$ cat work_20.txt   # compact mmCIF, N, CA and C atoms
# COMPACT_ATOMS: atom_id res chain seq x y z
N MET G 1 -219.65 6.03 188.44
CA MET G 1 -218.68 7.05 188.74
C MET G 1 -219.42 8.28 189.22
N SER G 2 -218.94 8.86 190.29
CA SER G 2 -219.60 10.04 190.84
C SER G 2 -219.25 11.27 190.01
N GLU G 3 -220.00 12.33 190.25
CA GLU G 3 -219.79 13.56 189.51
C GLU G 3 -218.41 14.17 189.81
N SER G 4 -217.95 14.06 191.05
CA SER G 4 -216.65 14.61 191.42
C SER G 4 -215.51 13.82 190.74
N GLN G 5 -215.70 12.49 190.62
CA GLN G 5 -214.68 11.68 189.94
C GLN G 5 -214.64 12.02 188.45
N SER G 6 -215.82 12.20 187.87
CA SER G 6 -215.89 12.56 186.45
C SER G 6 -215.22 13.91 186.21
N SER G 7 -215.48 14.87 187.06
CA SER G 7 -214.86 16.19 186.95
C SER G 7 -213.34 16.09 187.09
N TYR G 8 -212.88 15.25 188.00
CA TYR G 8 -211.44 15.04 188.19
C TYR G 8 -210.80 14.52 186.91
N PHE G 9 -211.41 13.53 186.29
CA PHE G 9 -210.84 12.94 185.08
C PHE G 9 -210.88 13.91 183.89
N ILE G 10 -211.89 14.72 183.82
CA ILE G 10 -211.96 15.74 182.78
C ILE G 10 -210.84 16.75 182.96
N GLN G 11 -210.62 17.19 184.20
CA GLN G 11 -209.53 18.12 184.49
C GLN G 11 -208.18 17.49 184.21
N LEU G 12 -208.02 16.22 184.56
CA LEU G 12 -206.77 15.51 184.32
C LEU G 12 -206.51 15.39 182.82
N GLN G 13 -207.52 15.05 182.06
CA GLN G 13 -207.38 14.94 180.61
C GLN G 13 -206.97 16.29 180.01
N HIS G 14 -207.58 17.36 180.46
CA HIS G 14 -207.24 18.69 179.97
C HIS G 14 -205.78 19.03 180.32
N ALA G 15 -205.37 18.73 181.54
CA ALA G 15 -203.98 19.01 181.96
C ALA G 15 -202.99 18.21 181.13
N LEU G 16 -203.32 16.96 180.83
CA LEU G 16 -202.43 16.14 180.00
C LEU G 16 -202.33 16.67 178.58
N GLN G 17 -203.43 17.15 178.04
CA GLN G 17 -203.41 17.74 176.70
C GLN G 17 -202.53 18.99 176.67
N LEU G 18 -202.65 19.83 177.72
CA LEU G 18 -201.82 21.03 177.80
C LEU G 18 -200.34 20.66 177.91
N GLU G 19 -200.03 19.65 178.69
CA GLU G 19 -198.66 19.21 178.84
C GLU G 19 -198.11 18.67 177.52
N LYS G 20 -198.92 17.90 176.80
CA LYS G 20 -198.50 17.36 175.51
C LYS G 20 -198.21 18.49 174.52
N GLN G 21 -199.08 19.49 174.48
CA GLN G 21 -198.88 20.63 173.58
C GLN G 21 -197.61 21.40 173.94
N ALA G 22 -197.39 21.60 175.23
CA ALA G 22 -196.19 22.32 175.67
C ALA G 22 -194.93 21.53 175.32
N ASP G 23 -194.96 20.22 175.52
CA ASP G 23 -193.81 19.37 175.16
C ASP G 23 -193.53 19.44 173.66
N GLN G 24 -194.59 19.39 172.86
CA GLN G 24 -194.43 19.43 171.41
C GLN G 24 -193.86 20.77 170.97
N GLN G 25 -194.35 21.86 171.55
CA GLN G 25 -193.84 23.18 171.19
C GLN G 25 -192.37 23.34 171.60
N GLU G 26 -192.02 22.83 172.77
CA GLU G 26 -190.64 22.89 173.24
C GLU G 26 -189.73 22.09 172.31
N PHE G 27 -190.17 20.90 171.91
CA PHE G 27 -189.38 20.07 170.99
C PHE G 27 -189.18 20.79 169.66
N LEU G 28 -190.24 21.35 169.10
CA LEU G 28 -190.13 22.05 167.82
C LEU G 28 -189.19 23.24 167.93
N ARG G 29 -189.29 23.99 169.02
CA ARG G 29 -188.40 25.12 169.22
C ARG G 29 -186.95 24.64 169.31
N PHE G 30 -186.73 23.56 170.06
CA PHE G 30 -185.40 22.99 170.22
C PHE G 30 -184.80 22.59 168.88
N VAL G 31 -185.59 21.90 168.06
CA VAL G 31 -185.08 21.42 166.76
C VAL G 31 -184.88 22.57 165.80
N ARG G 32 -185.81 23.50 165.74
CA ARG G 32 -185.72 24.60 164.76
C ARG G 32 -184.56 25.55 165.06
N GLU G 33 -184.18 25.69 166.31
CA GLU G 33 -183.10 26.62 166.66
C GLU G 33 -181.72 26.05 166.36
N LYS G 34 -181.64 24.75 166.16
CA LYS G 34 -180.34 24.12 165.89
C LYS G 34 -179.91 24.41 164.46
N PRO G 35 -178.61 24.59 164.25
CA PRO G 35 -178.12 24.74 162.87
C PRO G 35 -178.37 23.44 162.09
N LEU G 36 -178.49 23.56 160.78
CA LEU G 36 -178.78 22.41 159.93
C LEU G 36 -177.77 21.28 160.15
N LYS G 37 -176.51 21.62 160.23
CA LYS G 37 -175.47 20.60 160.41
C LYS G 37 -175.73 19.78 161.68
N GLU G 38 -176.11 20.45 162.75
CA GLU G 38 -176.38 19.76 164.01
C GLU G 38 -177.65 18.91 163.92
N ARG G 39 -178.67 19.41 163.22
CA ARG G 39 -179.90 18.62 163.04
C ARG G 39 -179.61 17.35 162.25
N VAL G 40 -178.75 17.44 161.24
CA VAL G 40 -178.37 16.27 160.44
C VAL G 40 -177.60 15.29 161.32
N GLU G 41 -176.64 15.78 162.08
CA GLU G 41 -175.83 14.92 162.95
C GLU G 41 -176.67 14.20 163.99
N ASN G 42 -177.73 14.86 164.48
CA ASN G 42 -178.59 14.26 165.51
C ASN G 42 -179.75 13.47 164.93
N GLY G 43 -179.84 13.38 163.60
CA GLY G 43 -180.86 12.56 162.96
C GLY G 43 -182.21 13.22 162.78
N TYR G 44 -182.29 14.53 162.97
CA TYR G 44 -183.56 15.25 162.80
C TYR G 44 -183.76 15.77 161.38
N ALA G 45 -182.74 15.66 160.55
CA ALA G 45 -182.83 16.15 159.17
C ALA G 45 -181.91 15.33 158.28
N TRP G 46 -182.25 15.32 156.99
CA TRP G 46 -181.39 14.73 155.96
C TRP G 46 -180.95 15.87 155.06
N SER G 47 -179.67 15.97 154.85
CA SER G 47 -179.15 16.98 153.94
C SER G 47 -177.72 16.62 153.59
N PRO G 48 -177.36 16.73 152.34
CA PRO G 48 -178.17 17.04 151.16
C PRO G 48 -178.98 15.83 150.71
N LEU G 49 -179.93 16.11 149.83
CA LEU G 49 -180.82 15.09 149.29
C LEU G 49 -180.75 15.05 147.78
N SER G 50 -181.13 13.92 147.24
CA SER G 50 -181.28 13.76 145.80
C SER G 50 -182.73 13.39 145.53
N VAL G 51 -183.38 14.10 144.63
CA VAL G 51 -184.77 13.78 144.27
C VAL G 51 -184.73 12.62 143.29
N VAL G 52 -185.38 11.52 143.68
CA VAL G 52 -185.39 10.30 142.87
C VAL G 52 -186.61 10.26 141.96
N LYS G 53 -187.76 10.72 142.49
CA LYS G 53 -189.01 10.61 141.74
C LYS G 53 -189.98 11.66 142.25
N THR G 54 -190.83 12.14 141.36
CA THR G 54 -191.91 13.04 141.73
C THR G 54 -193.17 12.56 141.03
N GLY G 55 -194.30 12.97 141.53
CA GLY G 55 -195.56 12.57 140.90
C GLY G 55 -196.73 13.04 141.74
N PHE G 56 -197.87 12.38 141.50
CA PHE G 56 -199.09 12.75 142.20
C PHE G 56 -199.69 11.53 142.87
N ALA G 57 -200.13 11.70 144.11
CA ALA G 57 -200.75 10.64 144.89
C ALA G 57 -202.26 10.82 144.84
N LEU G 58 -202.97 10.06 145.65
CA LEU G 58 -204.42 10.21 145.74
C LEU G 58 -204.78 11.64 146.13
N GLY G 59 -205.89 12.11 145.64
CA GLY G 59 -206.31 13.46 145.95
C GLY G 59 -205.48 14.51 145.22
N GLU G 60 -204.75 14.08 144.20
CA GLU G 60 -203.92 14.95 143.39
C GLU G 60 -202.87 15.71 144.19
N LYS G 61 -202.46 15.14 145.31
CA LYS G 61 -201.38 15.74 146.10
C LYS G 61 -200.05 15.34 145.47
N ALA G 62 -199.15 16.29 145.37
CA ALA G 62 -197.83 16.02 144.82
C ALA G 62 -197.02 15.21 145.83
N PHE G 63 -196.12 14.38 145.32
CA PHE G 63 -195.21 13.67 146.20
C PHE G 63 -193.80 13.77 145.65
N VAL G 64 -192.86 13.55 146.55
CA VAL G 64 -191.44 13.56 146.21
C VAL G 64 -190.80 12.37 146.92
N VAL G 65 -190.00 11.61 146.18
CA VAL G 65 -189.19 10.55 146.78
C VAL G 65 -187.75 11.07 146.76
N VAL G 66 -187.13 11.08 147.94
CA VAL G 66 -185.78 11.61 148.07
C VAL G 66 -184.85 10.55 148.66
N GLU G 67 -183.57 10.72 148.40
CA GLU G 67 -182.55 9.84 148.98
C GLU G 67 -181.46 10.68 149.61
N ARG G 68 -180.90 10.16 150.69
CA ARG G 68 -179.74 10.81 151.30
C ARG G 68 -178.53 10.58 150.40
N THR G 69 -177.67 11.56 150.34
CA THR G 69 -176.43 11.40 149.58
C THR G 69 -175.22 11.33 150.50
N THR G 70 -175.43 11.61 151.77
CA THR G 70 -174.37 11.49 152.77
C THR G 70 -174.94 10.78 153.98
N GLN G 71 -174.10 10.40 154.90
CA GLN G 71 -174.50 9.70 156.13
C GLN G 71 -175.40 8.50 155.81
N LEU G 72 -175.05 7.78 154.77
CA LEU G 72 -175.84 6.63 154.35
C LEU G 72 -175.89 5.58 155.46
N ASN G 73 -177.08 5.04 155.66
CA ASN G 73 -177.35 4.00 156.65
C ASN G 73 -177.09 4.43 158.09
N GLU G 74 -176.94 5.71 158.34
CA GLU G 74 -176.80 6.21 159.71
C GLU G 74 -178.18 6.28 160.35
N PRO G 75 -178.27 6.08 161.66
CA PRO G 75 -179.57 6.18 162.33
C PRO G 75 -180.14 7.60 162.23
N HIS G 76 -181.45 7.70 162.24
CA HIS G 76 -182.13 9.00 162.19
C HIS G 76 -183.43 8.89 162.97
N ARG G 77 -184.11 10.02 163.13
CA ARG G 77 -185.35 10.07 163.93
C ARG G 77 -186.58 10.34 163.07
N LEU G 78 -186.48 10.16 161.78
CA LEU G 78 -187.60 10.42 160.88
C LEU G 78 -188.43 9.17 160.71
N ARG G 79 -189.76 9.32 160.82
CA ARG G 79 -190.68 8.19 160.75
C ARG G 79 -191.91 8.55 159.92
N ALA G 80 -192.56 7.54 159.41
CA ALA G 80 -193.80 7.73 158.65
C ALA G 80 -194.82 8.46 159.54
N GLY G 81 -195.54 9.39 158.91
CA GLY G 81 -196.56 10.15 159.62
C GLY G 81 -196.08 11.47 160.18
N GLN G 82 -194.78 11.71 160.18
CA GLN G 82 -194.24 12.96 160.69
C GLN G 82 -194.36 14.07 159.66
N SER G 83 -194.53 15.28 160.14
CA SER G 83 -194.50 16.46 159.28
C SER G 83 -193.05 16.82 159.00
N VAL G 84 -192.78 17.23 157.77
CA VAL G 84 -191.44 17.65 157.39
C VAL G 84 -191.51 18.86 156.48
N LYS G 85 -190.38 19.53 156.35
CA LYS G 85 -190.25 20.64 155.41
C LYS G 85 -189.11 20.32 154.46
N LEU G 86 -189.38 20.49 153.19
CA LEU G 86 -188.35 20.40 152.17
C LEU G 86 -187.94 21.82 151.83
N PHE G 87 -186.66 22.04 151.65
CA PHE G 87 -186.23 23.36 151.24
C PHE G 87 -185.03 23.25 150.33
N THR G 88 -184.83 24.30 149.56
CA THR G 88 -183.66 24.39 148.71
C THR G 88 -182.92 25.67 149.04
N GLN G 89 -181.64 25.63 148.82
CA GLN G 89 -180.83 26.83 149.03
C GLN G 89 -180.45 27.46 147.70
N ALA G 90 -181.05 26.94 146.61
CA ALA G 90 -180.80 27.51 145.29
C ALA G 90 -181.38 28.92 145.22
N PRO G 91 -180.63 29.88 144.71
CA PRO G 91 -181.09 31.27 144.72
C PRO G 91 -182.22 31.58 143.75
N HIS G 92 -182.40 30.82 142.67
CA HIS G 92 -183.38 31.15 141.63
C HIS G 92 -184.79 30.63 141.92
N VAL G 93 -185.00 29.88 142.98
CA VAL G 93 -186.30 29.27 143.27
C VAL G 93 -187.17 30.25 144.06
N LYS G 94 -188.40 30.49 143.56
CA LYS G 94 -189.31 31.44 144.20
C LYS G 94 -189.83 30.92 145.54
N HIS G 95 -190.36 29.72 145.56
CA HIS G 95 -190.91 29.13 146.78
C HIS G 95 -189.92 28.07 147.26
N SER G 96 -189.06 28.47 148.18
CA SER G 96 -187.94 27.61 148.57
C SER G 96 -188.32 26.54 149.59
N GLU G 97 -189.53 26.59 150.17
CA GLU G 97 -189.95 25.59 151.15
C GLU G 97 -191.28 24.96 150.76
N LYS G 98 -191.39 23.67 151.04
CA LYS G 98 -192.64 22.92 150.87
C LYS G 98 -192.82 22.05 152.10
N GLU G 99 -194.04 21.93 152.57
CA GLU G 99 -194.33 21.08 153.73
C GLU G 99 -195.05 19.83 153.28
N GLY G 100 -194.88 18.75 154.06
CA GLY G 100 -195.54 17.50 153.74
C GLY G 100 -195.48 16.53 154.90
N ILE G 101 -195.97 15.33 154.62
CA ILE G 101 -196.00 14.25 155.59
C ILE G 101 -195.21 13.08 155.02
N ILE G 102 -194.37 12.48 155.86
CA ILE G 102 -193.61 11.32 155.42
C ILE G 102 -194.56 10.14 155.25
N GLN G 103 -194.59 9.55 154.06
CA GLN G 103 -195.40 8.36 153.84
C GLN G 103 -194.63 7.11 154.25
N TYR G 104 -193.36 7.05 153.86
CA TYR G 104 -192.52 5.93 154.30
C TYR G 104 -191.06 6.34 154.32
N VAL G 105 -190.30 5.61 155.13
CA VAL G 105 -188.85 5.76 155.17
C VAL G 105 -188.27 4.36 155.07
N GLU G 106 -187.42 4.13 154.07
CA GLU G 106 -186.75 2.84 153.89
C GLU G 106 -185.27 3.10 153.72
N LYS G 107 -184.50 2.75 154.73
CA LYS G 107 -183.05 2.96 154.73
C LYS G 107 -182.73 4.41 154.41
N ASN G 108 -182.27 4.69 153.21
CA ASN G 108 -181.85 6.04 152.83
C ASN G 108 -182.82 6.74 151.90
N ARG G 109 -184.02 6.20 151.78
CA ARG G 109 -185.02 6.73 150.86
C ARG G 109 -186.28 7.08 151.64
N MET G 110 -186.94 8.17 151.22
CA MET G 110 -188.14 8.63 151.90
C MET G 110 -189.13 9.19 150.87
N LYS G 111 -190.41 8.86 151.07
CA LYS G 111 -191.46 9.42 150.22
C LYS G 111 -192.26 10.40 151.06
N ILE G 112 -192.42 11.60 150.51
CA ILE G 112 -193.12 12.68 151.21
C ILE G 112 -194.32 13.12 150.37
N ILE G 113 -195.50 13.08 150.99
CA ILE G 113 -196.71 13.60 150.35
C ILE G 113 -196.80 15.07 150.73
N LEU G 114 -196.78 15.94 149.73
CA LEU G 114 -196.77 17.37 149.99
C LEU G 114 -198.16 17.90 150.27
N HIS G 115 -198.22 19.02 150.95
CA HIS G 115 -199.50 19.68 151.25
C HIS G 115 -199.90 20.62 150.11
N SER G 116 -199.57 20.24 148.91
CA SER G 116 -199.91 21.08 147.76
C SER G 116 -200.09 20.21 146.54
N ARG G 117 -200.57 20.80 145.50
CA ARG G 117 -200.75 20.09 144.23
C ARG G 117 -199.61 20.41 143.27
N ASP G 118 -198.63 21.15 143.76
CA ASP G 118 -197.51 21.57 142.91
C ASP G 118 -196.26 20.79 143.27
N ILE G 119 -195.60 20.27 142.26
CA ILE G 119 -194.31 19.62 142.46
C ILE G 119 -193.27 20.73 142.57
N PRO G 120 -192.43 20.69 143.60
CA PRO G 120 -191.46 21.77 143.78
C PRO G 120 -190.40 21.80 142.69
N ASP G 121 -189.82 22.97 142.48
CA ASP G 121 -188.73 23.14 141.50
C ASP G 121 -187.49 22.42 141.97

$ encode --input "work_20.txt" --output "structure tokens"
Amino acid sequence: MSESQSSYFIQLQHALQLEKQADQQEFLRFVREKPLKERVENGYAWSPLSVVKTGFALGEKAFVVVERTTQLNEPHRLRAGQSVKLFTQAPHVKHSEKEGIIQYVEKNRMKIILHSRDIPD
């Protein structure tokens, strides 16, 4: 491969990375601006949830297993490996949001490994 071809592919790779980042940011902006009800209807969120189990995974990371209580067996867009945010609307909770990664999704149940060592309230 000549030097000009190599330079072309490096520039192409960089352009594709920029495009991927822009697409991801646009998607996140699109989803975050939607009201919760619309995100649930479009399969981008589950709400309300029931906490089935909590505990600790490898590396002492907290986990939460949740189940949908509405829209059971409806299609959704949540998959293993995706980042998610758990939140509560309860007024007495100090830290109302926790972030994590979906470990698995089975029908109406999902296990989330949190980015913390604390199990949420």

$ residues_around --input "work_20.txt" --residues "segment 32-46 of chain G" --least-positions-apart "3" --cutoff "12 Å" --atoms "only C-alpha atoms" --output "ChimeraX atom specification"
/G:25-29,49-50,66-79,82-87,89,105,107-110

$ write_last_selection --input "work_20.txt" --atoms "N, CA and C atoms" --output "mmCIF file, in the coordinates of the input"
data_model
loop_
_atom_site.group_PDB
_atom_site.id
_atom_site.type_symbol
_atom_site.label_atom_id
_atom_site.label_comp_id
_atom_site.auth_asym_id
_atom_site.auth_seq_id
_atom_site.Cartn_x
_atom_site.Cartn_y
_atom_site.Cartn_z
ATOM 1 N N GLN G 25 -194.350 21.860 171.550
ATOM 2 C CA GLN G 25 -193.840 23.180 171.190
ATOM 3 C C GLN G 25 -192.370 23.340 171.600
ATOM 4 N N GLU G 26 -192.020 22.830 172.770
ATOM 5 C CA GLU G 26 -190.640 22.890 173.240
ATOM 6 C C GLU G 26 -189.730 22.090 172.310
ATOM 7 N N PHE G 27 -190.170 20.900 171.910
ATOM 8 C CA PHE G 27 -189.380 20.070 170.990
ATOM 9 C C PHE G 27 -189.180 20.790 169.660
ATOM 10 N N LEU G 28 -190.240 21.350 169.100
ATOM 11 C CA LEU G 28 -190.130 22.050 167.820
ATOM 12 C C LEU G 28 -189.190 23.240 167.930
ATOM 13 N N ARG G 29 -189.290 23.990 169.020
ATOM 14 C CA ARG G 29 -188.400 25.120 169.220
ATOM 15 C C ARG G 29 -186.950 24.640 169.310
ATOM 16 N N LEU G 49 -179.930 16.110 149.830
ATOM 17 C CA LEU G 49 -180.820 15.090 149.290
ATOM 18 C C LEU G 49 -180.750 15.050 147.780
ATOM 19 N N SER G 50 -181.130 13.920 147.240
ATOM 20 C CA SER G 50 -181.280 13.760 145.800
ATOM 21 C C SER G 50 -182.730 13.390 145.530
ATOM 22 N N VAL G 66 -187.130 11.080 147.940
ATOM 23 C CA VAL G 66 -185.780 11.610 148.070
ATOM 24 C C VAL G 66 -184.850 10.550 148.660
ATOM 25 N N GLU G 67 -183.570 10.720 148.400
ATOM 26 C CA GLU G 67 -182.550 9.840 148.980
ATOM 27 C C GLU G 67 -181.460 10.680 149.610
ATOM 28 N N ARG G 68 -180.900 10.160 150.690
ATOM 29 C CA ARG G 68 -179.740 10.810 151.300
ATOM 30 C C ARG G 68 -178.530 10.580 150.400
ATOM 31 N N THR G 69 -177.670 11.560 150.340
ATOM 32 C CA THR G 69 -176.430 11.400 149.580
ATOM 33 C C THR G 69 -175.220 11.330 150.500
ATOM 34 N N THR G 70 -175.430 11.610 151.770
ATOM 35 C CA THR G 70 -174.370 11.490 152.770
ATOM 36 C C THR G 70 -174.940 10.780 153.980
ATOM 37 N N GLN G 71 -174.100 10.400 154.900
ATOM 38 C CA GLN G 71 -174.500 9.700 156.130
ATOM 39 C C GLN G 71 -175.400 8.500 155.810
ATOM 40 N N LEU G 72 -175.050 7.780 154.770
ATOM 41 C CA LEU G 72 -175.840 6.630 154.350
ATOM 42 C C LEU G 72 -175.890 5.580 155.460
ATOM 43 N N ASN G 73 -177.080 5.040 155.660
ATOM 44 C CA ASN G 73 -177.350 4.000 156.650
ATOM 45 C C ASN G 73 -177.090 4.430 158.090
ATOM 46 N N GLU G 74 -176.940 5.710 158.340
ATOM 47 C CA GLU G 74 -176.800 6.210 159.710
ATOM 48 C C GLU G 74 -178.180 6.280 160.350
ATOM 49 N N PRO G 75 -178.270 6.080 161.660
ATOM 50 C CA PRO G 75 -179.570 6.180 162.330
ATOM 51 C C PRO G 75 -180.140 7.600 162.230
ATOM 52 N N HIS G 76 -181.450 7.700 162.240
ATOM 53 C CA HIS G 76 -182.130 9.000 162.190
ATOM 54 C C HIS G 76 -183.430 8.890 162.970
ATOM 55 N N ARG G 77 -184.110 10.020 163.130
ATOM 56 C CA ARG G 77 -185.350 10.070 163.930
ATOM 57 C C ARG G 77 -186.580 10.340 163.070
ATOM 58 N N LEU G 78 -186.480 10.160 161.780
ATOM 59 C CA LEU G 78 -187.600 10.420 160.880
ATOM 60 C C LEU G 78 -188.430 9.170 160.710
ATOM 61 N N ARG G 79 -189.760 9.320 160.820
ATOM 62 C CA ARG G 79 -190.680 8.190 160.750
ATOM 63 C C ARG G 79 -191.910 8.550 159.920
ATOM 64 N N GLN G 82 -194.780 11.710 160.180
ATOM 65 C CA GLN G 82 -194.240 12.960 160.690
ATOM 66 C C GLN G 82 -194.360 14.070 159.660
ATOM 67 N N SER G 83 -194.530 15.280 160.140
ATOM 68 C CA SER G 83 -194.500 16.460 159.280
ATOM 69 C C SER G 83 -193.050 16.820 159.000
ATOM 70 N N VAL G 84 -192.780 17.230 157.770
ATOM 71 C CA VAL G 84 -191.440 17.650 157.390
ATOM 72 C C VAL G 84 -191.510 18.860 156.480
ATOM 73 N N LYS G 85 -190.380 19.530 156.350
ATOM 74 C CA LYS G 85 -190.250 20.640 155.410
ATOM 75 C C LYS G 85 -189.110 20.320 154.460
ATOM 76 N N LEU G 86 -189.380 20.490 153.190
ATOM 77 C CA LEU G 86 -188.350 20.400 152.170
ATOM 78 C C LEU G 86 -187.940 21.820 151.830
ATOM 79 N N PHE G 87 -186.660 22.040 151.650
ATOM 80 C CA PHE G 87 -186.230 23.360 151.240
ATOM 81 C C PHE G 87 -185.030 23.250 150.330
ATOM 82 N N GLN G 89 -181.640 25.630 148.820
ATOM 83 C CA GLN G 89 -180.830 26.830 149.030
ATOM 84 C C GLN G 89 -180.450 27.460 147.700
ATOM 85 N N VAL G 105 -190.300 5.610 155.130
ATOM 86 C CA VAL G 105 -188.850 5.760 155.170
ATOM 87 C C VAL G 105 -188.270 4.360 155.070
ATOM 88 N N LYS G 107 -184.500 2.750 154.730
ATOM 89 C CA LYS G 107 -183.050 2.960 154.730
ATOM 90 C C LYS G 107 -182.730 4.410 154.410
ATOM 91 N N ASN G 108 -182.270 4.690 153.210
ATOM 92 C CA ASN G 108 -181.850 6.040 152.830
ATOM 93 C C ASN G 108 -182.820 6.740 151.900
ATOM 94 N N ARG G 109 -184.020 6.200 151.780
ATOM 95 C CA ARG G 109 -185.020 6.730 150.860
ATOM 96 C C ARG G 109 -186.280 7.080 151.640
ATOM 97 N N MET G 110 -186.940 8.170 151.220
ATOM 98 C CA MET G 110 -188.140 8.630 151.900
ATOM 99 C C MET G 110 -189.130 9.190 150.870
#

$ atom_distance --input "work_20.txt" --atom1 "atom C of Lys61 of chain G" --atom2 "atom C of Asp23 of chain G"
29.2 Å

$ select_by_dssp --input "work_20.txt" --residues "segment 33-67 of chain G" --states "alpha helix (DSSP H)" --output "ChimeraX atom specification"
/G:33,36-41

$ closest_residue --input "work_20.txt" --among "G:Pro91, G:Leu114, G:Leu12, G:Gly100" --to "Phe63 of chain G" --atoms "only N, CA and C atoms"
G:Leu114

$ residues_near_point --input "work_20.txt" --point "(-199.6, 11.7, 150.9)" --cutoff "10 Å" --atoms "only C-alpha atoms" --output "VMD selection string"
chain G and resid 56 to 64 81 100 to 104 111 to 116

$ atom_distance --input "work_20.txt" --atom1 "atom CA of Val31 of chain G" --atom2 "atom N of Val65 of chain G"
23.3 Å

$ select_by_dssp --input "work_20.txt" --residues "chain G" --states "strand (DSSP E or B)" --output "VMD selection string"
chain G and resid 49 to 56 62 to 68 83 to 87 97 to 106 109 to 114

$ write_last_selection --input "work_20.txt" --atoms "N, CA and C atoms" --output "CSV table (one decimal), in the frame of the given file"
chain,number,residue,atom,x,y,z
G,49,LEU,N,-179.9,16.1,149.8
G,49,LEU,CA,-180.8,15.1,149.3
G,49,LEU,C,-180.8,15.0,147.8
G,50,SER,N,-181.1,13.9,147.2
G,50,SER,CA,-181.3,13.8,145.8
G,50,SER,C,-182.7,13.4,145.5
G,51,VAL,N,-183.4,14.1,144.6
G,51,VAL,CA,-184.8,13.8,144.3
G,51,VAL,C,-184.7,12.6,143.3
G,52,VAL,N,-185.4,11.5,143.7
G,52,VAL,CA,-185.4,10.3,142.9
G,52,VAL,C,-186.6,10.3,142.0
G,53,LYS,N,-187.8,10.7,142.5
G,53,LYS,CA,-189.0,10.6,141.7
G,53,LYS,C,-190.0,11.7,142.2
G,54,THR,N,-190.8,12.1,141.4
G,54,THR,CA,-191.9,13.0,141.7
G,54,THR,C,-193.2,12.6,141.0
G,55,GLY,N,-194.3,13.0,141.5
G,55,GLY,CA,-195.6,12.6,140.9
G,55,GLY,C,-196.7,13.0,141.7
G,56,PHE,N,-197.9,12.4,141.5
G,56,PHE,CA,-199.1,12.8,142.2
G,56,PHE,C,-199.7,11.5,142.9
G,62,ALA,N,-199.2,16.3,145.4
G,62,ALA,CA,-197.8,16.0,144.8
G,62,ALA,C,-197.0,15.2,145.8
G,63,PHE,N,-196.1,14.4,145.3
G,63,PHE,CA,-195.2,13.7,146.2
G,63,PHE,C,-193.8,13.8,145.6
G,64,VAL,N,-192.9,13.6,146.6
G,64,VAL,CA,-191.4,13.6,146.2
G,64,VAL,C,-190.8,12.4,146.9
G,65,VAL,N,-190.0,11.6,146.2
G,65,VAL,CA,-189.2,10.6,146.8
G,65,VAL,C,-187.8,11.1,146.8
G,66,VAL,N,-187.1,11.1,147.9
G,66,VAL,CA,-185.8,11.6,148.1
G,66,VAL,C,-184.8,10.6,148.7
G,67,GLU,N,-183.6,10.7,148.4
G,67,GLU,CA,-182.6,9.8,149.0
G,67,GLU,C,-181.5,10.7,149.6
G,68,ARG,N,-180.9,10.2,150.7
G,68,ARG,CA,-179.7,10.8,151.3
G,68,ARG,C,-178.5,10.6,150.4
G,83,SER,N,-194.5,15.3,160.1
G,83,SER,CA,-194.5,16.5,159.3
G,83,SER,C,-193.0,16.8,159.0
G,84,VAL,N,-192.8,17.2,157.8
G,84,VAL,CA,-191.4,17.6,157.4
G,84,VAL,C,-191.5,18.9,156.5
G,85,LYS,N,-190.4,19.5,156.4
G,85,LYS,CA,-190.2,20.6,155.4
G,85,LYS,C,-189.1,20.3,154.5
G,86,LEU,N,-189.4,20.5,153.2
G,86,LEU,CA,-188.4,20.4,152.2
G,86,LEU,C,-187.9,21.8,151.8
G,87,PHE,N,-186.7,22.0,151.6
G,87,PHE,CA,-186.2,23.4,151.2
G,87,PHE,C,-185.0,23.2,150.3
G,97,GLU,N,-189.5,26.6,150.2
G,97,GLU,CA,-190.0,25.6,151.2
G,97,GLU,C,-191.3,25.0,150.8
G,98,LYS,N,-191.4,23.7,151.0
G,98,LYS,CA,-192.6,22.9,150.9
G,98,LYS,C,-192.8,22.0,152.1
G,99,GLU,N,-194.0,21.9,152.6
G,99,GLU,CA,-194.3,21.1,153.7
G,99,GLU,C,-195.0,19.8,153.3
G,100,GLY,N,-194.9,18.8,154.1
G,100,GLY,CA,-195.5,17.5,153.7
G,100,GLY,C,-195.5,16.5,154.9
G,101,ILE,N,-196.0,15.3,154.6
G,101,ILE,CA,-196.0,14.2,155.6
G,101,ILE,C,-195.2,13.1,155.0
G,102,ILE,N,-194.4,12.5,155.9
G,102,ILE,CA,-193.6,11.3,155.4
G,102,ILE,C,-194.6,10.1,155.2
G,103,GLN,N,-194.6,9.6,154.1
G,103,GLN,CA,-195.4,8.4,153.8
G,103,GLN,C,-194.6,7.1,154.2
G,104,TYR,N,-193.4,7.0,153.9
G,104,TYR,CA,-192.5,5.9,154.3
G,104,TYR,C,-191.1,6.3,154.3
G,105,VAL,N,-190.3,5.6,155.1
G,105,VAL,CA,-188.8,5.8,155.2
G,105,VAL,C,-188.3,4.4,155.1
G,106,GLU,N,-187.4,4.1,154.1
G,106,GLU,CA,-186.8,2.8,153.9
G,106,GLU,C,-185.3,3.1,153.7
G,109,ARG,N,-184.0,6.2,151.8
G,109,ARG,CA,-185.0,6.7,150.9
G,109,ARG,C,-186.3,7.1,151.6
G,110,MET,N,-186.9,8.2,151.2
G,110,MET,CA,-188.1,8.6,151.9
G,110,MET,C,-189.1,9.2,150.9
G,111,LYS,N,-190.4,8.9,151.1
G,111,LYS,CA,-191.5,9.4,150.2
G,111,LYS,C,-192.3,10.4,151.1
G,112,ILE,N,-192.4,11.6,150.5
G,112,ILE,CA,-193.1,12.7,151.2
G,112,ILE,C,-194.3,13.1,150.4
G,113,ILE,N,-195.5,13.1,151.0
G,113,ILE,CA,-196.7,13.6,150.4
G,113,ILE,C,-196.8,15.1,150.7
G,114,LEU,N,-196.8,15.9,149.7
G,114,LEU,CA,-196.8,17.4,150.0
G,114,LEU,C,-198.2,17.9,150.3

$ atom_distance --input "work_20.txt" --atom1 "atom CA of His92 of chain G" --atom2 "atom C of Pro120 of chain G"
11.7 Å
